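A.B. asks: Structure file final-v5.csv (CSV, C-alpha atoms) is given on the next line.
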chain,number,residue,atom,x,y,z
X,1,MET,CA,-19.1,30.0,11.0
X,2,PRO,CA,-15.3,29.6,11.2
X,3,GLN,CA,-13.4,28.7,8.1
X,4,LEU,CA,-12.5,25.0,8.2
X,5,PRO,CA,-9.0,23.9,7.2
X,6,ALA,CA,-8.7,22.9,3.5
X,7,GLN,CA,-8.2,19.2,4.2
X,8,VAL,CA,-11.2,19.0,6.4
X,9,GLN,CA,-13.3,20.8,3.9
X,10,GLN,CA,-12.1,18.4,1.2
X,11,PHE,CA,-12.9,15.4,3.3
X,12,ILE,CA,-16.4,16.7,4.0
X,13,ASP,CA,-16.9,17.3,0.3
X,14,ALA,CA,-15.8,13.8,-0.5
X,15,LEU,CA,-18.2,12.5,2.1
X,16,VAL,CA,-21.3,14.2,0.9
X,17,SER,CA,-20.7,13.9,-2.9
X,18,ALA,CA,-21.8,10.7,-4.7
X,19,PRO,CA,-19.2,8.0,-4.2
X,20,PRO,CA,-17.7,6.5,-7.4
X,21,LEU,CA,-18.9,3.3,-8.9
X,22,GLU,CA,-15.7,1.5,-7.9
X,23,GLY,CA,-16.4,2.0,-4.2
X,24,TYR,CA,-19.6,0.0,-4.4
X,25,LEU,CA,-17.9,-2.7,-6.5
X,26,VAL,CA,-15.0,-3.1,-4.1
X,27,VAL,CA,-17.4,-3.3,-1.1
X,28,GLY,CA,-19.4,-5.9,-3.0
X,29,ALA,CA,-16.3,-7.9,-3.9
X,30,PHE,CA,-15.0,-7.9,-0.3
X,31,LEU,CA,-18.4,-8.9,1.0
X,32,PHE,CA,-18.5,-11.8,-1.4
X,33,ALA,CA,-15.0,-12.8,-0.3
X,34,ILE,CA,-15.8,-12.6,3.4
X,35,GLY,CA,-18.9,-14.7,2.8
X,36,ALA,CA,-16.9,-17.3,0.9
X,37,TRP,CA,-14.3,-17.4,3.6
X,38,GLY,CA,-17.0,-18.1,6.2
X,39,ALA,CA,-18.6,-20.7,4.1
X,40,LEU,CA,-15.3,-22.4,3.7
X,41,VAL,CA,-14.0,-22.4,7.3
X,42,ARG,CA,-17.1,-22.6,9.6
X,43,ARG,CA,-18.4,-25.9,10.8
X,44,ASN,CA,-22.0,-25.0,11.8
X,45,ALA,CA,-24.5,-25.4,8.9
X,46,VAL,CA,-26.6,-22.4,10.1
X,47,VAL,CA,-23.5,-20.1,10.0
X,48,ILE,CA,-22.7,-21.4,6.5
X,49,PHE,CA,-26.2,-20.3,5.5
X,50,MET,CA,-25.5,-16.9,6.9
X,51,CYS,CA,-22.3,-16.7,4.9
X,52,VAL,CA,-24.1,-17.7,1.7
X,53,GLU,CA,-26.5,-14.8,2.4
X,54,LEU,CA,-23.6,-12.5,2.7
X,55,MET,CA,-22.3,-13.6,-0.7
X,56,ILE,CA,-25.7,-13.1,-2.3
X,57,ASN,CA,-25.9,-9.6,-0.8
X,58,GLY,CA,-22.5,-8.8,-2.2
X,59,VAL,CA,-23.5,-9.8,-5.7
X,60,ASN,CA,-26.8,-7.9,-5.2
X,61,LEU,CA,-25.0,-4.8,-4.3
X,62,THR,CA,-22.8,-5.0,-7.4
X,63,LEU,CA,-25.8,-5.5,-9.6
X,64,VAL,CA,-27.7,-2.5,-8.2
X,65,ALA,CA,-24.6,-0.4,-8.4
X,66,PHE,CA,-24.2,-1.2,-12.1
X,67,ALA,CA,-27.9,-0.7,-12.7
X,68,ASP,CA,-27.7,2.8,-11.2
X,69,TYR,CA,-24.4,3.9,-12.8
X,70,LEU,CA,-24.5,2.5,-16.3
X,71,PRO,CA,-26.7,4.4,-18.7
X,72,GLY,CA,-27.8,1.4,-20.8
X,73,ALA,CA,-29.3,-0.5,-17.9
X,74,GLY,CA,-32.3,1.7,-17.6
X,75,GLY,CA,-32.7,0.8,-13.9
X,76,LEU,CA,-34.0,-2.7,-14.6
X,77,GLY,CA,-31.3,-4.2,-12.4
X,78,VAL,CA,-33.2,-3.2,-9.4
X,79,SER,CA,-36.1,-5.4,-10.5
X,80,TYR,CA,-33.7,-8.3,-11.0
X,81,ALA,CA,-32.4,-7.6,-7.4
X,82,VAL,CA,-35.9,-8.0,-6.1
X,83,LEU,CA,-36.1,-11.4,-7.8
X,84,VAL,CA,-32.7,-12.3,-6.3
X,85,ILE,CA,-33.9,-11.4,-2.8
X,86,ALA,CA,-37.1,-13.5,-3.3
X,87,ILE,CA,-35.1,-16.5,-4.5
X,88,ALA,CA,-32.6,-16.1,-1.6
X,89,ALA,CA,-35.5,-16.1,0.9
X,90,ALA,CA,-36.8,-19.3,-0.6
X,91,GLU,CA,-33.3,-20.8,-0.4
X,92,VAL,CA,-33.1,-19.9,3.3
X,93,ALA,CA,-36.5,-21.5,4.0
X,94,VAL,CA,-35.6,-24.7,2.3
X,95,GLY,CA,-32.1,-24.8,3.6
X,96,LEU,CA,-33.1,-24.3,7.2
X,97,ALA,CA,-35.7,-27.0,6.8
X,98,ILE,CA,-33.0,-29.4,5.6
X,99,VAL,CA,-30.8,-28.4,8.5
X,100,LEU,CA,-33.7,-29.2,10.9
X,101,ALA,CA,-34.3,-32.5,9.2
X,102,VAL,CA,-30.6,-33.4,9.5
X,103,PHE,CA,-30.5,-32.3,13.1
X,104,ARG,CA,-33.4,-34.4,13.9
X,105,SER,CA,-31.8,-37.6,12.5
X,106,ARG,CA,-28.2,-36.9,13.5
X,107,ARG,CA,-28.4,-34.6,16.6
X,108,THR,CA,-25.8,-32.3,15.1
X,109,VAL,CA,-25.4,-29.5,12.6
X,110,ASN,CA,-21.7,-29.9,12.3
X,111,VAL,CA,-21.1,-30.3,8.6
X,112,ASP,CA,-17.9,-32.3,9.2
X,113,GLU,CA,-19.8,-35.0,11.0
X,114,VAL,CA,-22.6,-35.3,8.4
X,115,THR,CA,-20.7,-37.4,5.8
X,116,SER,CA,-23.3,-39.8,4.7
X,117,MET,CA,-26.6,-39.3,2.9
X,118,ARG,CA,-28.2,-42.3,4.7
X,119,GLY,CA,-30.4,-41.3,7.6
J,120,MET,CA,-19.7,-0.9,8.9
J,121,THR,CA,-21.0,-3.5,6.4
J,122,LEU,CA,-17.6,-5.2,6.1
J,123,ILE,CA,-16.9,-5.2,9.8
J,124,SER,CA,-20.3,-6.8,10.5
J,125,ALA,CA,-19.6,-9.3,7.8
J,126,LEU,CA,-16.3,-10.2,9.5
J,127,GLY,CA,-18.2,-10.5,12.7
J,128,VAL,CA,-20.4,-13.1,11.2
J,129,VAL,CA,-17.4,-15.3,10.4
J,130,LEU,CA,-15.4,-14.7,13.5
J,131,SER,CA,-17.8,-14.5,16.4
J,132,ARG,CA,-17.9,-17.5,18.6
J,133,SER,CA,-21.6,-17.4,19.4
J,134,VAL,CA,-24.0,-18.3,16.6
J,135,VAL,CA,-26.5,-15.8,17.9
J,136,HIS,CA,-23.9,-13.1,17.7
J,137,SER,CA,-23.2,-14.2,14.1
J,138,ALA,CA,-26.9,-13.8,13.3
J,139,LEU,CA,-27.0,-10.3,14.8
J,140,PHE,CA,-23.9,-9.3,13.0
J,141,MET,CA,-25.5,-10.5,9.8
J,142,SER,CA,-28.5,-8.3,10.2
J,143,GLY,CA,-26.2,-5.4,10.9
J,144,SER,CA,-24.4,-6.1,7.6
J,145,PHE,CA,-27.7,-6.2,5.8
J,146,LEU,CA,-28.7,-2.9,7.3
J,147,GLY,CA,-25.5,-1.4,5.9
J,148,ILE,CA,-26.3,-2.8,2.5
J,149,SER,CA,-29.8,-1.3,2.6
J,150,GLY,CA,-28.1,2.1,3.3
J,151,PHE,CA,-26.1,1.5,0.1
J,152,PHE,CA,-29.3,0.9,-1.8
J,153,VAL,CA,-30.7,4.2,-0.6
J,154,LEU,CA,-27.6,5.9,-1.9
J,155,LEU,CA,-28.0,4.0,-5.2
J,156,ASN,CA,-31.5,5.5,-6.0
J,157,ALA,CA,-33.4,2.4,-5.0
J,158,PRO,CA,-35.3,3.3,-1.8
J,159,ALA,CA,-38.0,0.7,-2.5
J,160,LEU,CA,-35.3,-2.0,-2.7
J,161,ALA,CA,-33.8,-0.7,0.5
J,162,ALA,CA,-37.2,-1.2,2.1
J,163,PHE,CA,-37.4,-4.7,0.8
J,164,GLN,CA,-34.0,-5.4,2.1
J,165,VAL,CA,-34.9,-4.2,5.6
J,166,LEU,CA,-38.2,-6.1,5.6
J,167,ILE,CA,-37.0,-9.4,4.1
J,168,TYR,CA,-33.4,-9.7,5.3
J,169,VAL,CA,-33.2,-7.8,8.5
J,170,GLY,CA,-36.7,-8.9,9.5
J,171,ALA,CA,-37.7,-12.2,8.0
J,172,VAL,CA,-34.4,-14.0,7.2
J,173,THR,CA,-32.8,-13.1,10.6
J,174,VAL,CA,-35.9,-14.3,12.5
J,175,VAL,CA,-35.9,-17.5,10.5
J,176,ILE,CA,-32.2,-18.1,11.1
J,177,LEU,CA,-32.7,-17.3,14.8
J,178,PHE,CA,-35.4,-19.9,14.9
J,179,GLY,CA,-33.1,-22.4,13.3
J,180,ILE,CA,-30.4,-21.6,15.9
J,181,MET,CA,-33.0,-22.1,18.7
J,182,PHE,CA,-34.0,-25.5,17.4
J,183,THR,CA,-30.5,-26.8,16.6
J,184,GLN,CA,-28.0,-25.6,19.1
J,185,LYS,CA,-26.8,-27.5,22.1
J,186,PRO,CA,-24.9,-25.7,24.7
J,187,GLN,CA,-21.4,-26.1,23.5
J,188,VAL,CA,-17.9,-25.2,24.2
J,189,ARG,CA,-17.3,-22.0,22.2
J,190,ARG,CA,-13.7,-22.1,21.2
J,191,TYR,CA,-12.2,-21.5,17.8
J,192,ARG,CA,-10.9,-25.0,17.7
J,193,THR,CA,-14.5,-26.3,17.8
J,194,ILE,CA,-16.2,-23.9,15.5
J,195,ILE,CA,-13.7,-23.6,12.7
J,196,ASN,CA,-12.3,-26.5,10.8
J,197,ARG,CA,-8.7,-27.1,9.8
J,198,GLN,CA,-8.8,-25.0,6.7
J,199,PHE,CA,-8.8,-21.7,8.5
J,200,TRP,CA,-5.7,-20.0,7.0
J,201,PRO,CA,-5.9,-21.8,3.6
J,202,GLY,CA,-9.5,-20.7,3.4
J,203,PHE,CA,-8.5,-17.1,4.3
J,204,LEU,CA,-5.8,-17.1,1.6
J,205,VAL,CA,-8.3,-18.3,-1.0
J,206,ALA,CA,-11.0,-15.8,0.0
J,207,ALA,CA,-8.5,-13.0,0.2
J,208,GLY,CA,-7.2,-13.9,-3.2
J,209,VAL,CA,-10.7,-14.0,-4.6
J,210,GLY,CA,-11.6,-10.7,-3.0
J,211,LEU,CA,-8.4,-8.9,-4.0
J,212,PHE,CA,-8.6,-10.2,-7.5
J,213,LEU,CA,-12.3,-9.1,-7.9
J,214,ALA,CA,-11.6,-5.8,-6.4
J,215,TYR,CA,-8.6,-5.2,-8.6
J,216,VAL,CA,-10.4,-6.1,-11.8
J,217,LEU,CA,-13.5,-4.1,-10.9
J,218,ALA,CA,-11.5,-1.1,-9.8
J,219,SER,CA,-9.0,-1.0,-12.7
J,220,GLU,CA,-11.6,-1.5,-15.4
J,221,ASN,CA,-12.4,1.7,-17.2
J,222,TRP,CA,-16.2,1.9,-17.0
J,223,GLY,CA,-16.3,5.0,-19.1
J,224,ALA,CA,-18.2,8.2,-18.2
J,225,VAL,CA,-20.6,6.7,-15.7
J,226,GLN,CA,-22.5,8.6,-13.1
J,227,ALA,CA,-25.2,8.0,-10.6
J,228,GLY,CA,-28.8,8.6,-11.1
J,229,HIS,CA,-30.0,6.2,-13.8
J,230,GLY,CA,-32.1,4.2,-11.4
J,231,PRO,CA,-35.8,4.5,-10.9
J,232,ARG,CA,-36.1,6.7,-7.9
J,233,GLU,CA,-39.9,6.8,-7.9
J,234,VAL,CA,-41.7,3.8,-6.6
J,235,ALA,CA,-44.2,4.0,-9.4
J,236,ALA,CA,-41.6,3.7,-12.1
J,237,PHE,CA,-40.0,0.9,-10.2
J,238,ALA,CA,-43.3,-0.9,-10.0
J,239,ARG,CA,-43.9,-0.5,-13.7
J,240,ASP,CA,-40.5,-2.0,-14.4
J,241,LEU,CA,-41.1,-4.9,-12.0
J,242,LEU,CA,-44.5,-5.8,-13.4
J,243,GLY,CA,-43.3,-5.5,-17.0
J,244,VAL,CA,-45.5,-2.6,-18.1
J,245,SER,CA,-42.8,-0.2,-19.1
J,246,SER,CA,-41.0,-0.6,-22.3
J,247,GLY,CA,-38.1,-3.0,-22.4
J,248,SER,CA,-39.1,-4.9,-19.3
J,249,GLY,CA,-41.6,-7.3,-20.7
J,250,ILE,CA,-39.7,-10.3,-19.5
J,251,PHE,CA,-40.4,-9.3,-15.9
J,252,THR,CA,-44.0,-10.3,-16.2
J,253,LEU,CA,-42.9,-13.9,-16.7
J,254,LEU,CA,-40.2,-13.6,-14.0
J,255,PHE,CA,-42.6,-12.2,-11.5
J,256,GLU,CA,-44.9,-15.2,-11.9
J,257,VAL,CA,-42.1,-17.6,-11.8
J,258,ALA,CA,-40.8,-16.1,-8.6
J,259,SER,CA,-44.2,-16.3,-6.9
J,260,VAL,CA,-44.6,-20.0,-7.9
J,261,LEU,CA,-41.0,-20.6,-6.7
J,262,LEU,CA,-41.9,-19.1,-3.3
J,263,LEU,CA,-45.0,-21.3,-3.0
J,264,VAL,CA,-43.0,-24.4,-3.8
J,265,ALA,CA,-40.3,-23.4,-1.3
J,266,VAL,CA,-42.8,-22.9,1.5
J,267,VAL,CA,-44.4,-26.3,0.8
J,268,ALA,CA,-41.0,-28.0,0.5
J,269,ALA,CA,-39.9,-26.4,3.8
J,270,ILE,CA,-42.9,-27.8,5.6
J,271,VAL,CA,-42.6,-31.2,4.0
J,272,VAL,CA,-38.9,-31.5,4.7
J,273,SER,CA,-39.0,-30.4,8.3
J,274,ARG,CA,-42.1,-32.2,9.2
J,275,ARG,CA,-41.8,-34.8,11.9
J,276,LYS,CA,-42.6,-38.2,10.7
J,277,MET,CA,-45.1,-40.3,12.7
J,278,GLY,CA,-43.5,-42.1,15.5
J,279,GLN,CA,-40.0,-41.0,14.9
J,280,GLY,CA,-37.9,-38.1,15.8
J,281,VAL,CA,-36.8,-36.6,19.1
J,282,ASP,CA,-37.5,-33.1,20.3
J,283,ARG,CA,-35.8,-31.5,23.2
J,284,GLY,CA,-34.7,-34.8,24.5
J,285,VAL,CA,-38.2,-36.1,25.0
J,286,ARG,CA,-38.8,-39.3,23.2
J,287,GLU,CA,-42.3,-39.6,21.8
With the file now loaded, output its structure as C-alpha cells.

C.D. replies:
Amino acid sequence: MPQLPAQVQQFIDALVSAPPLEGYLVVGAFLFAIGAWGALVRRNAVVIFMCVELMINGVNLTLVAFADYLPGAGGLGVSYAVLVIAIAAAEVAVGLAIVLAVFRSRRTVNVDEVTSMRG
Amino acid sequence: MTLISALGVVLSRSVVHSALFMSGSFLGISGFFVLLNAPALAAFQVLIYVGAVTVVILFGIMFTQKPQVRRYRTIINRQFWPGFLVAAGVGLFLAYVLASENWGAVQAGHGPREVAAFARDLLGVSSGSGIFTLLFEVASVLLLVAVVAAIVVSRRKMGQGVDRGVRE
C-alpha cells in the first residue's frame, strides 16, 4: 500500500475518529435556525409543520449529544429523546388534522389568508 | 447532508420536494444517533420520522394542495430577508455559545449502547431513572389522546364540507 501524503492521512484520521461534542452542537444549532427561518418565511401551513419538525430534531440532536458526552448524564437523555419523538409525532397528527379542518372550511392552507378564528 | 437537506425543505418550490428533503434530513440525524451510541434511537428515528411522519405529511399535502403557481413570490411571504437575518443571528449565536463554552474533559461513550440497558432506562427499572415509569405512561396516554383528537378534528361534519370539488 503506497504511503499517503501527510495531509491526506491526517484528514482520514480526523474522519474516522470520534467527532468532538461541539460538532454535534453546532449542527443542532444550525438545524434549529434553518427550521426557524422556514417557519418564519414560508406560507404553506404544511411546510411550517415540516420546519417545526426540523427544529425539534435539532434540539433532539443536541440532547442526545450531551447525553452521550457528559459523564453525569448516565445515558438517560436518550430516553428523554424517545419521549420527545413520541410527543412530536402526536403534534404532527393533531396539527395536520387542524390543517385539514381549516382547509375544508377555507379552501386554503396559506397562513396569511387565515386571519380569523371564525369558520 | 443534514443541513443541505434542511435548506432544501425551506427553499424548494414544490411542497412534495420539501417533504422528501425533510426525510433526507431526518436520515442524516439518525446517522448522527448511531455515532452517538444510540442505535435504538436511530431505529426509532427511521421508523417514526422517515416512515410515519413523512407519510402523514405527504397525505396532508395530497389532501390540501391545489395545483398552484410555484414561484418564490407566492410561497414565501414578505419577511424573507428579515427572517433570514433573525434565523442566522439565532443560529450563529447558539453555535458560538455552544462552541466556545468549555465543556471540560468530555468524551464519547457514556450512552447505553446495548438495547437492554436502554430499555431498562426507558422503563424506569435501572437506578436513577424511576421518573421514566411515569413519563412512559403519560406519553402513551398522550398518544391516545392525540389520535382521538386528530380523528375528531378532521372528521367531516354531517351535511357540510366539500371534498375534491364534489358537493355532498

A.B. asks: So how far away is CA of Val205 in chain J from CA of Trp37 in chain X, in Å?

C.D. replies: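 Computing the Euclidean distance for CA of Trp37 in chain X and CA of Val205 in chain J yields 7.6 Å.
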
A.B. asks: Select, as a tab-separated table (two decimals) with C-alpha atoms, in the frame of the given file, those residues of chain X with any atom no more than 7 Å from chain J (distances computed using all atoms listed in the file).

C.D. replies:
chain	number	residue	atom	x	y	z
X	22	GLU	CA	-15.70	1.50	-7.90
X	25	LEU	CA	-17.90	-2.70	-6.50
X	26	VAL	CA	-15.00	-3.10	-4.10
X	29	ALA	CA	-16.30	-7.90	-3.90
X	30	PHE	CA	-15.00	-7.90	-0.30
X	31	LEU	CA	-18.40	-8.90	1.00
X	33	ALA	CA	-15.00	-12.80	-0.30
X	34	ILE	CA	-15.80	-12.60	3.40
X	36	ALA	CA	-16.90	-17.30	0.90
X	37	TRP	CA	-14.30	-17.40	3.60
X	38	GLY	CA	-17.00	-18.10	6.20
X	40	LEU	CA	-15.30	-22.40	3.70
X	41	VAL	CA	-14.00	-22.40	7.30
X	42	ARG	CA	-17.10	-22.60	9.60
X	43	ARG	CA	-18.40	-25.90	10.80
X	44	ASN	CA	-22.00	-25.00	11.80
X	46	VAL	CA	-26.60	-22.40	10.10
X	47	VAL	CA	-23.50	-20.10	10.00
X	65	ALA	CA	-24.60	-0.40	-8.40
X	67	ALA	CA	-27.90	-0.70	-12.70
X	68	ASP	CA	-27.70	2.80	-11.20
X	69	TYR	CA	-24.40	3.90	-12.80
X	70	LEU	CA	-24.50	2.50	-16.30
X	71	PRO	CA	-26.70	4.40	-18.70
X	74	GLY	CA	-32.30	1.70	-17.60
X	75	GLY	CA	-32.70	0.80	-13.90
X	76	LEU	CA	-34.00	-2.70	-14.60
X	79	SER	CA	-36.10	-5.40	-10.50
X	82	VAL	CA	-35.90	-8.00	-6.10
X	83	LEU	CA	-36.10	-11.40	-7.80
X	86	ALA	CA	-37.10	-13.50	-3.30
X	89	ALA	CA	-35.50	-16.10	0.90
X	90	ALA	CA	-36.80	-19.30	-0.60
X	93	ALA	CA	-36.50	-21.50	4.00
X	94	VAL	CA	-35.60	-24.70	2.30
X	96	LEU	CA	-33.10	-24.30	7.20
X	97	ALA	CA	-35.70	-27.00	6.80
X	98	ILE	CA	-33.00	-29.40	5.60
X	100	LEU	CA	-33.70	-29.20	10.90
X	101	ALA	CA	-34.30	-32.50	9.20
X	103	PHE	CA	-30.50	-32.30	13.10
X	104	ARG	CA	-33.40	-34.40	13.90
X	105	SER	CA	-31.80	-37.60	12.50

A.B. asks: Have a look at CA of Ile56 in chain X and CA of Glu256 in chain J and let me know their distance in Å, one decimal.

C.D. replies: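 Distance between the two atoms: 21.6 Å.
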
A.B. asks: Using Å and a single decimal, report how far CA of Ala81 in chain X sits from CA of Leu139 in chain J.

C.D. replies: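 Spanning CA of Leu139 in chain J to CA of Ala81 in chain X is a straight-line distance of 23.0 Å.
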